[in-house]
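Student: One file: run-v7.pdb (PDB, C-alpha atoms).
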ATOM      1  CA  MET E   1      71.453  93.516 247.297  1.00  0.00           C
ATOM      2  CA  ILE E   2      75.172  94.173 247.670  1.00  0.00           C
ATOM      3  CA  LEU E   3      77.555  91.303 246.996  1.00  0.00           C
ATOM      4  CA  HIS E   4      80.844  92.198 248.664  1.00  0.00           C
ATOM      5  CA  ASN E   5      82.792  89.196 247.345  1.00  0.00           C
ATOM      6  CA  TYR E   6      84.684  88.846 250.608  1.00  0.00           C
ATOM      7  CA  LEU E   7      87.541  86.364 250.259  1.00  0.00           C
ATOM      8  CA  ALA E   8      86.996  86.011 246.508  1.00  0.00           C
ATOM      9  CA  GLU E   9      90.665  86.774 245.809  1.00  0.00           C
ATOM     10  CA  GLU E  10      93.555  84.523 246.812  1.00  0.00           C
ATOM     11  CA  ASP E  11      95.473  87.508 248.227  1.00  0.00           C
ATOM     12  CA  ASP E  12      92.518  88.297 250.521  1.00  0.00           C
ATOM     13  CA  ARG E  13      92.331  84.705 251.755  1.00  0.00           C
ATOM     14  CA  ARG E  14      96.097  84.566 252.348  1.00  0.00           C
ATOM     15  CA  SER E  15      96.039  87.899 254.233  1.00  0.00           C
ATOM     16  CA  LEU E  16      93.173  86.750 256.421  1.00  0.00           C
ATOM     17  CA  VAL E  17      94.848  83.449 257.317  1.00  0.00           C
ATOM     18  CA  GLU E  18      98.094  85.275 258.149  1.00  0.00           C
ATOM     19  CA  GLY E  19      96.140  87.803 260.221  1.00  0.00           C
ATOM     20  CA  VAL E  20      94.393  85.094 262.262  1.00  0.00           C
ATOM     21  CA  ARG E  21      97.712  83.366 262.884  1.00  0.00           C
ATOM     22  CA  LEU E  22      99.290  86.671 263.952  1.00  0.00           C
ATOM     23  CA  CYS E  23      96.416  87.336 266.382  1.00  0.00           C
ATOM     24  CA  GLU E  24      96.874  83.886 267.887  1.00  0.00           C
ATOM     25  CA  GLN E  25     100.627  84.483 268.216  1.00  0.00           C
ATOM     26  CA  ILE E  26     100.011  87.808 269.971  1.00  0.00           C
ATOM     27  CA  ALA E  27      97.457  86.215 272.316  1.00  0.00           C
ATOM     28  CA  HIS E  28     100.020  83.583 273.333  1.00  0.00           C
ATOM     29  CA  THR E  29     102.806  86.100 273.984  1.00  0.00           C
ATOM     30  CA  GLU E  30     103.512  87.597 277.406  1.00  0.00           C
ATOM     31  CA  PRO E  31     102.231  89.620 279.055  1.00  0.00           C
ATOM     32  CA  LEU E  32      98.896  88.951 277.315  1.00  0.00           C
ATOM     33  CA  ALA E  33      99.170  85.150 277.542  1.00  0.00           C
ATOM     34  CA  ARG E  34      98.933  85.109 281.347  1.00  0.00           C
ATOM     35  CA  HIS E  35      95.465  86.668 281.125  1.00  0.00           C
ATOM     36  CA  SER E  36      94.075  84.174 278.630  1.00  0.00           C
ATOM     37  CA  GLN E  37      93.545  80.498 279.357  1.00  0.00           C
ATOM     38  CA  ARG E  38      91.880  79.736 276.019  1.00  0.00           C
ATOM     39  CA  ALA E  39      90.524  81.475 272.960  1.00  0.00           C
ATOM     40  CA  LEU E  40      86.941  82.623 273.304  1.00  0.00           C
ATOM     41  CA  PHE E  41      86.393  82.281 269.566  1.00  0.00           C
ATOM     42  CA  ALA E  42      88.784  80.300 267.391  1.00  0.00           C
ATOM     43  CA  PRO E  43      88.902  78.129 264.280  1.00  0.00           C
ATOM     44  CA  GLY E  44      88.475  74.377 264.680  1.00  0.00           C
ATOM     45  CA  GLY E  45      92.113  73.827 263.721  1.00  0.00           C
ATOM     46  CA  ASP E  46      95.196  75.612 262.476  1.00  0.00           C
ATOM     47  CA  GLY E  47      95.049  74.636 258.794  1.00  0.00           C
ATOM     48  CA  ASP E  48      94.357  77.267 256.153  1.00  0.00           C
ATOM     49  CA  GLU E  49      90.982  75.743 255.193  1.00  0.00           C
ATOM     50  CA  GLU E  50      89.848  75.522 258.828  1.00  0.00           C
ATOM     51  CA  ILE E  51      90.773  79.147 259.411  1.00  0.00           C
ATOM     52  CA  LEU E  52      88.982  80.200 256.211  1.00  0.00           C
ATOM     53  CA  ALA E  53      85.878  78.157 257.107  1.00  0.00           C
ATOM     54  CA  TYR E  54      85.811  79.820 260.529  1.00  0.00           C
ATOM     55  CA  ALA E  55      86.214  83.256 258.964  1.00  0.00           C
ATOM     56  CA  ARG E  56      83.448  82.650 256.428  1.00  0.00           C
ATOM     57  CA  ALA E  57      81.104  81.539 259.210  1.00  0.00           C
ATOM     58  CA  THR E  58      81.843  84.407 261.590  1.00  0.00           C
ATOM     59  CA  MET E  59      83.182  87.453 259.744  1.00  0.00           C
ATOM     60  CA  GLN E  60      81.148  90.583 259.200  1.00  0.00           C
ATOM     61  CA  THR E  61      81.534  94.142 258.029  1.00  0.00           C
ATOM     62  CA  LEU E  62      82.394  96.347 260.974  1.00  0.00           C
ATOM     63  CA  TYR E  63      81.587 100.001 261.377  1.00  0.00           C
ATOM     64  CA  HIS E  64      81.122 101.901 258.143  1.00  0.00           C
ATOM     65  CA  PRO E  65      82.642 100.536 254.961  1.00  0.00           C
ATOM     66  CA  VAL E  66      84.072 103.094 252.557  1.00  0.00           C
ATOM     67  CA  GLY E  67      86.080 103.056 249.361  1.00  0.00           C
ATOM     68  CA  THR E  68      83.806 100.837 247.272  1.00  0.00           C
ATOM     69  CA  CYS E  69      83.429 103.407 244.496  1.00  0.00           C
ATOM     70  CA  LYS E  70      86.799 104.635 243.223  1.00  0.00           C
ATOM     71  CA  MET E  71      86.982 108.275 242.233  1.00  0.00           C
ATOM     72  CA  GLY E  72      89.412 109.407 239.552  1.00  0.00           C
ATOM     73  CA  ARG E  73      90.127 109.729 235.872  1.00  0.00           C
ATOM     74  CA  ASP E  74      91.562 106.257 235.199  1.00  0.00           C
ATOM     75  CA  ALA E  75      89.761 103.216 233.756  1.00  0.00           C
ATOM     76  CA  MET E  76      89.161 101.724 237.219  1.00  0.00           C
ATOM     77  CA  ALA E  77      87.360 104.816 238.511  1.00  0.00           C
ATOM     78  CA  VAL E  78      83.609 104.485 239.036  1.00  0.00           C
ATOM     79  CA  VAL E  79      83.091 108.229 239.411  1.00  0.00           C
ATOM     80  CA  ASP E  80      84.985 111.223 238.083  1.00  0.00           C
ATOM     81  CA  PRO E  81      86.306 114.011 240.368  1.00  0.00           C
ATOM     82  CA  ASP E  82      82.868 115.690 240.157  1.00  0.00           C
ATOM     83  CA  LEU E  83      81.273 112.491 241.519  1.00  0.00           C
ATOM     84  CA  ARG E  84      79.539 111.671 238.199  1.00  0.00           C
ATOM     85  CA  VAL E  85      79.188 107.960 237.481  1.00  0.00           C
ATOM     86  CA  ARG E  86      81.240 107.170 234.400  1.00  0.00           C
ATOM     87  CA  GLY E  87      79.163 106.092 231.426  1.00  0.00           C
ATOM     88  CA  LEU E  88      75.832 107.361 232.792  1.00  0.00           C
ATOM     89  CA  ASP E  89      74.066 110.690 232.531  1.00  0.00           C
ATOM     90  CA  SER E  90      72.624 112.515 235.536  1.00  0.00           C
ATOM     91  CA  LEU E  91      73.851 110.131 238.229  1.00  0.00           C
ATOM     92  CA  ARG E  92      76.342 110.948 240.963  1.00  0.00           C
ATOM     93  CA  VAL E  93      77.609 109.029 243.975  1.00  0.00           C
ATOM     94  CA  VAL E  94      77.602 111.230 247.065  1.00  0.00           C
ATOM     95  CA  ASP E  95      78.425 109.089 250.074  1.00  0.00           C
ATOM     96  CA  ALA E  96      81.281 107.412 251.955  1.00  0.00           C
ATOM     97  CA  SER E  97      81.936 104.969 249.137  1.00  0.00           C
ATOM     98  CA  VAL E  98      84.056 107.588 247.313  1.00  0.00           C
ATOM     99  CA  MET E  99      86.452 107.938 250.261  1.00  0.00           C
ATOM    100  CA  PRO E 100      89.741 106.172 249.449  1.00  0.00           C
ATOM    101  CA  THR E 101      90.338 105.026 253.056  1.00  0.00           C
ATOM    102  CA  VAL E 102      88.395 104.694 256.288  1.00  0.00           C
ATOM    103  CA  PRO E 103      88.634 107.963 258.253  1.00  0.00           C
ATOM    104  CA  ARG E 104      90.156 107.796 261.734  1.00  0.00           C
ATOM    105  CA  GLY E 105      86.861 108.816 263.325  1.00  0.00           C
ATOM    106  CA  ASN E 106      83.231 108.180 262.525  1.00  0.00           C
ATOM    107  CA  THR E 107      82.320 108.499 258.851  1.00  0.00           C
ATOM    108  CA  ASN E 108      79.444 110.927 259.499  1.00  0.00           C
ATOM    109  CA  ALA E 109      81.362 114.245 259.337  1.00  0.00           C
ATOM    110  CA  PRO E 110      83.476 113.309 256.289  1.00  0.00           C
ATOM    111  CA  THR E 111      80.324 112.118 254.504  1.00  0.00           C
ATOM    112  CA  ILE E 112      78.658 115.451 255.228  1.00  0.00           C
ATOM    113  CA  ALA E 113      81.743 117.160 253.776  1.00  0.00           C
ATOM    114  CA  VAL E 114      81.468 115.047 250.606  1.00  0.00           C
ATOM    115  CA  ALA E 115      77.777 115.960 250.360  1.00  0.00           C
ATOM    116  CA  GLU E 116      78.489 119.675 250.857  1.00  0.00           C
ATOM    117  CA  LYS E 117      81.184 119.563 248.167  1.00  0.00           C
ATOM    118  CA  ALA E 118      78.808 117.708 245.838  1.00  0.00           C
ATOM    119  CA  ALA E 119      76.154 120.370 246.425  1.00  0.00           C
ATOM    120  CA  ASP E 120      78.684 123.055 245.472  1.00  0.00           C
ATOM    121  CA  ILE E 121      79.706 121.103 242.363  1.00  0.00           C
ATOM    122  CA  ILE E 122      76.093 120.568 241.309  1.00  0.00           C
ATOM    123  CA  ARG E 123      75.310 124.263 241.838  1.00  0.00           C
ATOM    124  CA  GLU E 124      78.583 125.096 240.058  1.00  0.00           C
ATOM    125  CA  ARG E 125      79.785 127.142 243.017  1.00  0.00           C
ATOM    126  CA  THR E 126      83.526 127.501 243.365  1.00  0.00           C
ATOM    127  CA  SER E 127      83.492 128.501 247.038  1.00  0.00           C
ATOM    128  CA  THR E 128      81.216 128.138 250.021  1.00  0.00           C
ATOM    129  CA  PRO E 129      78.948 131.030 251.139  1.00  0.00           C
ATOM    130  CA  ALA E 130      81.036 131.427 254.308  1.00  0.00           C
ATOM    131  CA  ALA E 131      84.252 131.774 252.278  1.00  0.00           C
ATOM    132  CA  THR E 132      82.572 134.283 249.973  1.00  0.00           C
ATOM    133  CA  ALA E 133      81.246 136.298 252.929  1.00  0.00           C
ATOM    134  CA  THR E 134      84.657 136.282 254.601  1.00  0.00           C
ATOM    135  CA  ALA E 135      86.330 137.460 251.389  1.00  0.00           C
ATOM    136  CA  ALA E 136      83.741 140.259 250.996  1.00  0.00           C
ATOM    137  CA  ILE E 137      84.382 141.501 254.565  1.00  0.00           C
ATOM    138  CA  ALA E 138      88.157 141.510 254.075  1.00  0.00           C
TER     139      ALA E 138
END
Could you quickly redo this structure as structure tokens?
Tutor:
Amino acid sequence: MILHNYLAEEDDRRSLVEGVRLCEQIAHTEPLARHSQRALFAPGGDGDEEILAYARATMQTLYHPVGTCKMGRDAMAVVDPDLRVRGLDSLRVVDASVMPTVPRGNTNAPTIAVAEKAADIIRERTSTPAATATAAIA
């Protein structure tokens, strides 16, 4: 089971409330306002707690979450630059969770790239076979 702890931090709750209010402001601004008689989905009121209650009841993770497993050398890093989990032997994280931000497109291709790099690291290869072949031809 994964516990995401959505809205556990005050900054997250404040950002969400401000975001909902901004969306409502945009929806009521021309030229968009003339195309919308009422909100299709909206909180029961405009107070912070009503907005948060609405968010808790309706929010969900969208698309492909990334960035849940910080890579680096600092104390907050879960994995080192070779994708090894800090403090454990023989365990690596090789998926989208090591990406620092959501890619602009689908996460599939970048995840494959992470996996290919991990395979090279595990095999202790410094370059890909294609790069080696190209260098040998040149």
Student: Could you check how far atom CA of E:Val98 sits from atom CA of E:Cys69, in Å to one decimal?
Tutor: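 Taking atom CA of E:Val98 and atom CA of E:Cys69, their separation equals 5.1 Å.
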Student: Got a sec to resolve the PyMOL selection byres ((chain E and resi 117-121) around 10) on this structure and send the residues as a list of chain:residue names?
Tutor: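 Residues picked by the PyMOL selection byres ((chain E and resi 117-121) around 10): E:Pro81, E:Asp82, E:Leu83, E:Arg84, E:Arg92, E:Val93, E:Val94, E:Asp95, E:Thr111, E:Ile112, E:Ala113, E:Val114, E:Ala115, E:Glu116, E:Ile122, E:Arg123, E:Glu124, E:Arg125, E:Thr126, E:Ser127, E:Thr128, E:Pro129.
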Student: Ranking E:Ile2, E:Ala33, E:Ala39, E:Met99 by minimum distance to E:Gly67 and counting only C-alpha atoms, which one comes first?
Tutor: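 Residue with the minimum atom-to-atom distance to E:Gly67: E:Met99.
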Student: Mind giving me the straight-line distance from atom CA of E:Leu52 to atom CA of E:Arg14 in Å, one decimal?
Tutor: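 Separation between atom CA of E:Leu52 and atom CA of E:Arg14: 9.2 Å.
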Student: Pick out the closest residue to E:Thr101 from this set: E:Leu7, E:Val17, E:Val78, E:Val66. Count all atoms listed in the file.
Tutor: E:Val66
Student: Need the axis-aligned box for stretch 33-50 of chain E with 4 Å each side, so what are the centre and edges in Å to one decimal, as AutoDock Vina command-line options?
Tutor:
--center_x 92.8 --center_y 80.2 --center_z 268.3 --size_x 20.8 --size_y 20.8 --size_z 34.2
Student: Could you tell me, as a VMD selection string, exactly which residues end up selected when the PyMOL selection byres ((chain E and resi 21) around 12) is applied to this structure?
Tutor: chain E and resid 14 to 20 22 to 28 42 to 43 45 to 48 50 to 52
Student: Could you tell me how far atom CA of E:Arg56 lies from atom CA of E:Tyr6, in Å and to one decimal?
Tutor: 8.6 Å
Student: For a quick check of understanding, using all atoms listed in the file, which of E:Leu3, E:Leu32, E:Ala96, E:Val85 has the smallest distance to E:His64?
Tutor: E:Ala96
Student: Calculated over all atoms listed in the file, which of the candidates E:Ala75, E:Ala57, E:Val102, E:Met1 has the smallest distance to E:Gly87?
Tutor: E:Ala75
Student: Would you please work out which residue, of E:Ala55, E:Ser97, E:Pro65, E:Val79, is nearest to E:Asp12 when using only C-alpha atoms?
Tutor: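 Looking only at the distances to E:Asp12, the closest residue turns out to be E:Ala55.
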Student: Taking N, CA and C atoms as the atom set, what does stretch 83-113 of chain E look like once completed, written as an mmCIF file, in the frame of the given file?
Tutor:
data_model
loop_
_atom_site.group_PDB
_atom_site.id
_atom_site.type_symbol
_atom_site.label_atom_id
_atom_site.label_comp_id
_atom_site.auth_asym_id
_atom_site.auth_seq_id
_atom_site.Cartn_x
_atom_site.Cartn_y
_atom_site.Cartn_z
ATOM 1 N N LEU E 83 82.157 113.513 240.961
ATOM 2 C CA LEU E 83 81.273 112.491 241.519
ATOM 3 C C LEU E 83 80.259 111.934 240.523
ATOM 4 N N ARG E 84 80.441 112.203 239.230
ATOM 5 C CA ARG E 84 79.539 111.671 238.199
ATOM 6 C C ARG E 84 79.937 110.239 237.872
ATOM 7 N N VAL E 85 78.930 109.353 237.819
ATOM 8 C CA VAL E 85 79.188 107.960 237.481
ATOM 9 C C VAL E 85 79.586 107.887 236.010
ATOM 10 N N ARG E 86 80.728 107.271 235.772
ATOM 11 C CA ARG E 86 81.240 107.170 234.400
ATOM 12 C C ARG E 86 80.295 106.335 233.549
ATOM 13 N N GLY E 87 79.990 106.831 232.365
ATOM 14 C CA GLY E 87 79.163 106.092 231.426
ATOM 15 C C GLY E 87 77.677 106.306 231.580
ATOM 16 N N LEU E 88 77.260 107.086 232.573
ATOM 17 C CA LEU E 88 75.832 107.361 232.792
ATOM 18 C C LEU E 88 75.606 108.859 232.851
ATOM 19 N N ASP E 89 74.435 109.286 232.443
ATOM 20 C CA ASP E 89 74.066 110.690 232.531
ATOM 21 C C ASP E 89 73.238 110.921 233.791
ATOM 22 N N SER E 90 73.457 112.050 234.418
ATOM 23 C CA SER E 90 72.624 112.515 235.536
ATOM 24 C C SER E 90 72.630 111.602 236.751
ATOM 25 N N LEU E 91 73.745 110.950 237.023
ATOM 26 C CA LEU E 91 73.851 110.131 238.229
ATOM 27 C C LEU E 91 75.187 110.410 238.895
ATOM 28 N N ARG E 92 75.131 110.718 240.172
ATOM 29 C CA ARG E 92 76.342 110.948 240.963
ATOM 30 C C ARG E 92 76.324 110.038 242.182
ATOM 31 N N VAL E 93 77.486 109.762 242.712
ATOM 32 C CA VAL E 93 77.609 109.029 243.975
ATOM 33 C C VAL E 93 78.090 110.031 245.000
ATOM 34 N N VAL E 94 77.293 110.228 246.043
ATOM 35 C CA VAL E 94 77.602 111.230 247.065
ATOM 36 C C VAL E 94 77.454 110.548 248.427
ATOM 37 N N ASP E 95 78.442 109.763 248.780
ATOM 38 C CA ASP E 95 78.425 109.089 250.074
ATOM 39 C C ASP E 95 79.838 108.628 250.426
ATOM 40 N N ALA E 96 79.965 107.841 251.475
ATOM 41 C CA ALA E 96 81.281 107.412 251.955
ATOM 42 C C ALA E 96 81.992 106.463 251.004
ATOM 43 N N SER E 97 81.285 105.920 250.038
ATOM 44 C CA SER E 97 81.936 104.969 249.137
ATOM 45 C C SER E 97 83.024 105.608 248.281
ATOM 46 N N VAL E 98 83.014 106.931 248.115
ATOM 47 C CA VAL E 98 84.056 107.588 247.313
ATOM 48 C C VAL E 98 85.307 107.900 248.118
ATOM 49 N N MET E 99 85.265 107.691 249.430
ATOM 50 C CA MET E 99 86.452 107.938 250.261
ATOM 51 C C MET E 99 87.483 106.845 250.001
ATOM 52 N N PRO E 100 88.743 107.204 249.768
ATOM 53 C CA PRO E 100 89.741 106.172 249.449
ATOM 54 C C PRO E 100 90.130 105.293 250.637
ATOM 55 N N THR E 101 90.004 105.810 251.862
ATOM 56 C CA THR E 101 90.338 105.026 253.056
ATOM 57 C C THR E 101 89.346 105.345 254.161
ATOM 58 N N VAL E 102 89.279 104.473 255.155
ATOM 59 C CA VAL E 102 88.395 104.694 256.288
ATOM 60 C C VAL E 102 88.956 105.845 257.118
ATOM 61 N N PRO E 103 88.132 106.863 257.412
ATOM 62 C CA PRO E 103 88.634 107.963 258.253
ATOM 63 C C PRO E 103 88.944 107.475 259.663
ATOM 64 N N ARG E 104 89.769 108.193 260.370
ATOM 65 C CA ARG E 104 90.156 107.796 261.734
ATOM 66 C C ARG E 104 88.984 107.840 262.697
ATOM 67 N N GLY E 105 88.040 108.720 262.462
ATOM 68 C CA GLY E 105 86.861 108.816 263.325
ATOM 69 C C GLY E 105 85.647 108.267 262.614
ATOM 70 N N ASN E 106 84.487 108.589 263.136
ATOM 71 C CA ASN E 106 83.231 108.180 262.525
ATOM 72 C C ASN E 106 83.136 108.751 261.113
ATOM 73 N N THR E 107 82.431 108.063 260.242
ATOM 74 C CA THR E 107 82.320 108.499 258.851
ATOM 75 C C THR E 107 81.283 109.608 258.650
ATOM 76 N N ASN E 108 80.518 109.947 259.662
ATOM 77 C CA ASN E 108 79.444 110.927 259.499
ATOM 78 C C ASN E 108 79.954 112.286 259.007
ATOM 79 N N ALA E 109 80.882 112.907 259.715
ATOM 80 C CA ALA E 109 81.362 114.245 259.337
ATOM 81 C C ALA E 109 82.021 114.251 257.956
ATOM 82 N N PRO E 110 82.906 113.298 257.632
ATOM 83 C CA PRO E 110 83.476 113.309 256.289
ATOM 84 C C PRO E 110 82.416 113.106 255.190
ATOM 85 N N THR E 111 81.390 112.318 255.486
ATOM 86 C CA THR E 111 80.324 112.118 254.504
ATOM 87 C C THR E 111 79.545 113.407 254.288
ATOM 88 N N ILE E 112 79.313 114.144 255.360
ATOM 89 C CA ILE E 112 78.658 115.451 255.228
ATOM 90 C C ILE E 112 79.526 116.377 254.374
ATOM 91 N N ALA E 113 80.840 116.327 254.573
ATOM 92 C CA ALA E 113 81.743 117.160 253.776
ATOM 93 C C ALA E 113 81.672 116.786 252.295
#
